[in-house]
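J.: What follows is a single structure, and I will ask about it in a moment.
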Amino acid sequence: MSDSWKTVKAGDVRTGDVVRIPSGDLITVSRIETSFMGMPTMMAFIEDTDERWYKHPVVSDGDVEIRASE
């Protein structure tokens with residue numbers, strides 16, 4: 001079974017969403033940092049699990065892909 005994806009604005013992503021970043025890697029969003037590096041137009045998705053800690057910056061009104069719920 002293949003995953004289904006939908007495109008949303010970065011500002012519509014919520015904790016728990018699985019985001020596919022441009023490299024093709026997947027991030028399960030644990031936290032969202034607004035005003036990344038003091039820039040109100042930027043934000044960062046953070047995955048904080050036992051397996052890894054990862055932070056991915058994005059433009060707040062940019063498009064991202066999230067796994068669609070079935």
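Simple scheme: letters A, B, ... for chains in structure tokens order, numbers from 1 for residues in each chain, numbers from 1 for ligands in the order shown.
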For Thr34 (chain A), work out the shell of residues within 12 Å, counting only C-alpha atoms and skipping chain neighbours fewer than 6 positions away, then give it as a compact mmCIF listing (two decimals) with C-alpha atoms, in the first residue's frame.
T.:
# COMPACT_ATOMS: atom_id res chain seq x y z
CA ALA A 10 3.38 25.15 6.15
CA GLY A 11 1.33 27.18 8.62
CA VAL A 13 0.89 21.69 9.64
CA PRO A 40 8.34 36.06 11.26
CA THR A 41 8.07 34.65 7.72
CA MET A 42 9.97 31.48 8.69
CA MET A 43 9.15 28.50 10.87
CA ALA A 44 10.77 25.15 11.64
CA PHE A 45 9.37 21.65 12.00
CA ILE A 46 11.09 19.66 14.73
CA HIS A 56 13.74 21.60 9.16
CA PRO A 57 13.16 25.32 8.39
CA VAL A 58 10.41 26.35 5.96
CA VAL A 59 8.75 29.54 4.74
CA SER A 60 5.53 29.98 6.76
CA ASP A 61 3.28 30.44 3.73
J.: Determine, counting only C-alpha atoms, which protein, DNA and RNA residues have an atom within 8 Å of an atom of Asp17 (chain A); residues of the same chain fewer than 4 positions away are not included. Present the result as a list in words.
T.: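 Using only C-alpha atoms, the neighbours found are Val13, Thr28, Val29, Ile66 and Arg67 of chain A.
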J.: Filtering to all heavy atoms, could you give me those residues as a PDB file, in the first residue's frame?
T.:
ATOM      1  N   VAL A  13       0.361  22.932   9.087  1.00  0.00           N
ATOM      2  CA  VAL A  13       0.888  21.688   9.640  1.00  0.00           C
ATOM      3  C   VAL A  13       0.712  21.706  11.151  1.00  0.00           C
ATOM      4  O   VAL A  13       0.884  22.736  11.806  1.00  0.00           O
ATOM      5  CB  VAL A  13       2.379  21.519   9.263  1.00  0.00           C
ATOM      6  CG1 VAL A  13       3.004  20.334   9.972  1.00  0.00           C
ATOM      7  CG2 VAL A  13       2.525  21.387   7.752  1.00  0.00           C
ATOM      8  N   THR A  28       8.249  13.318  11.343  1.00  0.00           N
ATOM      9  CA  THR A  28       7.045  13.316  12.170  1.00  0.00           C
ATOM     10  C   THR A  28       7.168  14.522  13.085  1.00  0.00           C
ATOM     11  O   THR A  28       8.062  14.587  13.939  1.00  0.00           O
ATOM     12  CB  THR A  28       6.929  12.015  12.987  1.00  0.00           C
ATOM     13  OG1 THR A  28       6.890  10.916  12.081  1.00  0.00           O
ATOM     14  CG2 THR A  28       5.656  12.026  13.822  1.00  0.00           C
ATOM     15  N   VAL A  29       6.298  15.496  12.911  1.00  0.00           N
ATOM     16  CA  VAL A  29       6.422  16.779  13.601  1.00  0.00           C
ATOM     17  C   VAL A  29       6.064  16.631  15.084  1.00  0.00           C
ATOM     18  O   VAL A  29       4.939  16.294  15.423  1.00  0.00           O
ATOM     19  CB  VAL A  29       5.532  17.848  12.924  1.00  0.00           C
ATOM     20  CG1 VAL A  29       5.639  19.172  13.666  1.00  0.00           C
ATOM     21  CG2 VAL A  29       5.917  18.010  11.466  1.00  0.00           C
ATOM     22  N   ILE A  66       2.095  16.702   3.269  1.00  0.00           N
ATOM     23  CA  ILE A  66       1.867  15.915   4.471  1.00  0.00           C
ATOM     24  C   ILE A  66       1.162  14.622   4.082  1.00  0.00           C
ATOM     25  O   ILE A  66       0.456  14.559   3.078  1.00  0.00           O
ATOM     26  CB  ILE A  66       1.061  16.669   5.549  1.00  0.00           C
ATOM     27  CG1 ILE A  66      -0.341  17.012   5.061  1.00  0.00           C
ATOM     28  CG2 ILE A  66       1.808  17.899   6.030  1.00  0.00           C
ATOM     29  CD1 ILE A  66      -1.248  17.553   6.163  1.00  0.00           C
ATOM     30  N   ARG A  67       1.394  13.593   4.908  1.00  0.00           N
ATOM     31  CA  ARG A  67       0.718  12.313   4.675  1.00  0.00           C
ATOM     32  C   ARG A  67      -0.764  12.518   4.950  1.00  0.00           C
ATOM     33  O   ARG A  67      -1.151  13.024   5.998  1.00  0.00           O
ATOM     34  CB  ARG A  67       1.287  11.243   5.577  1.00  0.00           C
ATOM     35  CG  ARG A  67       0.684   9.859   5.306  1.00  0.00           C
ATOM     36  CD  ARG A  67       1.290   8.799   6.171  1.00  0.00           C
ATOM     37  NE  ARG A  67       2.645   8.504   5.727  1.00  0.00           N
ATOM     38  CZ  ARG A  67       3.608   8.058   6.529  1.00  0.00           C
ATOM     39  NH1 ARG A  67       3.384   7.882   7.807  1.00  0.00           N
ATOM     40  NH2 ARG A  67       4.804   7.793   6.056  1.00  0.00           N
TER      41      ARG A  67
END
J.: From chain A, collect each residue whose DSSP state is helix (DSSP H, G or I) and return the set as a list in words.
T.: Ala10, Gly11, Asp12, Phe36, Met37 and Gly38 of chain A
J.: Keeping only all heavy atoms, write those residues as a CSV table (one decimal), in the first residue's frame.
T.:
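The resulting file, out_18.csv, is shown below:
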chain,number,residue,atom,x,y,z
A,10,ALA,N,2.6,25.5,5.0
A,10,ALA,CA,3.4,25.2,6.1
A,10,ALA,C,2.7,25.6,7.4
A,10,ALA,O,2.7,24.8,8.4
A,10,ALA,CB,4.8,25.8,6.1
A,11,GLY,N,2.0,26.7,7.4
A,11,GLY,CA,1.3,27.2,8.6
A,11,GLY,C,0.2,26.3,9.0
A,11,GLY,O,-0.3,26.4,10.2
A,12,ASP,N,-0.3,25.4,8.2
A,12,ASP,CA,-1.4,24.5,8.5
A,12,ASP,C,-0.9,23.2,9.0
A,12,ASP,O,-1.8,22.3,9.4
A,12,ASP,CB,-2.3,24.3,7.2
A,12,ASP,CG,-3.0,25.5,6.8
A,12,ASP,OD1,-3.3,26.4,7.6
A,12,ASP,OD2,-3.3,25.7,5.6
A,36,PHE,N,11.3,31.4,13.1
A,36,PHE,CA,12.6,30.8,13.1
A,36,PHE,C,13.7,31.8,12.9
A,36,PHE,O,13.6,32.6,12.0
A,36,PHE,CB,12.6,29.7,12.0
A,36,PHE,CG,13.9,29.0,11.9
A,36,PHE,CD1,14.4,28.2,12.9
A,36,PHE,CD2,14.6,29.1,10.7
A,36,PHE,CE1,15.6,27.5,12.7
A,36,PHE,CE2,15.8,28.5,10.5
A,36,PHE,CZ,16.3,27.7,11.6
A,37,MET,N,14.7,31.8,13.8
A,37,MET,CA,15.8,32.7,13.7
A,37,MET,C,15.4,34.2,13.7
A,37,MET,O,16.0,35.0,13.1
A,37,MET,CB,16.7,32.4,12.5
A,37,MET,CG,17.4,31.0,12.7
A,37,MET,SD,18.7,30.7,11.5
A,37,MET,CE,19.9,31.8,12.0
A,38,GLY,N,14.3,34.4,14.4
A,38,GLY,CA,13.8,35.8,14.5
A,38,GLY,C,13.0,36.3,13.3
A,38,GLY,O,12.7,37.5,13.3
J.: What are the DSSP strand (DSSP E) residues of chain A, as number ranges by chain?
T.: A: 5-9, 18-20, 26-28, 31-34, 42-48, 53-59, 63-67
J.: Which residue gives the smallest distance to Trp53 (chain A) among A:Ser35, A:Thr15, A:Ser4, A:Ser30, with only C-alpha atoms counted?
T.: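 The closest residue to Trp53 (chain A) is A:Ser30.
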J.: If we count only C-alpha atoms and set the cut-off at 12 Å, which residues sit around Asp3 (chain A), ignoring sequence neighbours fewer than 5 positions away in its own chain? Please answer as a list in words.
T.: Val18, Val19, Arg20, Leu26, Glu65, Ile66, Arg67, Ala68, Ser69 and Glu70 of chain A
J.: For the selection you just gave me, I'd like the residues written to a file as a PDB file, in the first residue's frame, keeping C-alpha atoms.
T.:
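The new file selection16.pdb reads:
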ATOM      1  CA  VAL A  18       4.196  13.467   8.799  1.00  0.00           C
ATOM      2  CA  VAL A  19       5.880  15.908   6.406  1.00  0.00           C
ATOM      3  CA  ARG A  20       7.824  14.884   3.308  1.00  0.00           C
ATOM      4  CA  LEU A  26       9.955  12.081   6.273  1.00  0.00           C
ATOM      5  CA  GLU A  65       3.447  17.777   1.571  1.00  0.00           C
ATOM      6  CA  ILE A  66       1.867  15.915   4.471  1.00  0.00           C
ATOM      7  CA  ARG A  67       0.718  12.313   4.675  1.00  0.00           C
ATOM      8  CA  ALA A  68      -3.029  12.290   4.125  1.00  0.00           C
ATOM      9  CA  SER A  69      -5.090  10.448   6.706  1.00  0.00           C
ATOM     10  CA  GLU A  70      -6.996   7.508   5.309  1.00  0.00           C
TER      11      GLU A  70
END
J.: What is the CA of Pro22 (chain A) to CA of Met39 (chain A) distance in Å?
T.: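 We find that CA of Pro22 (chain A) and CA of Met39 (chain A) lie 21.3 Å from each other.
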J.: How many Å lie between CA of Tyr54 (chain A) and CA of Glu33 (chain A), rounded to one decimal?
T.: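 For CA of Tyr54 (chain A) relative to CA of Glu33 (chain A), the distance reads 12.3 Å.
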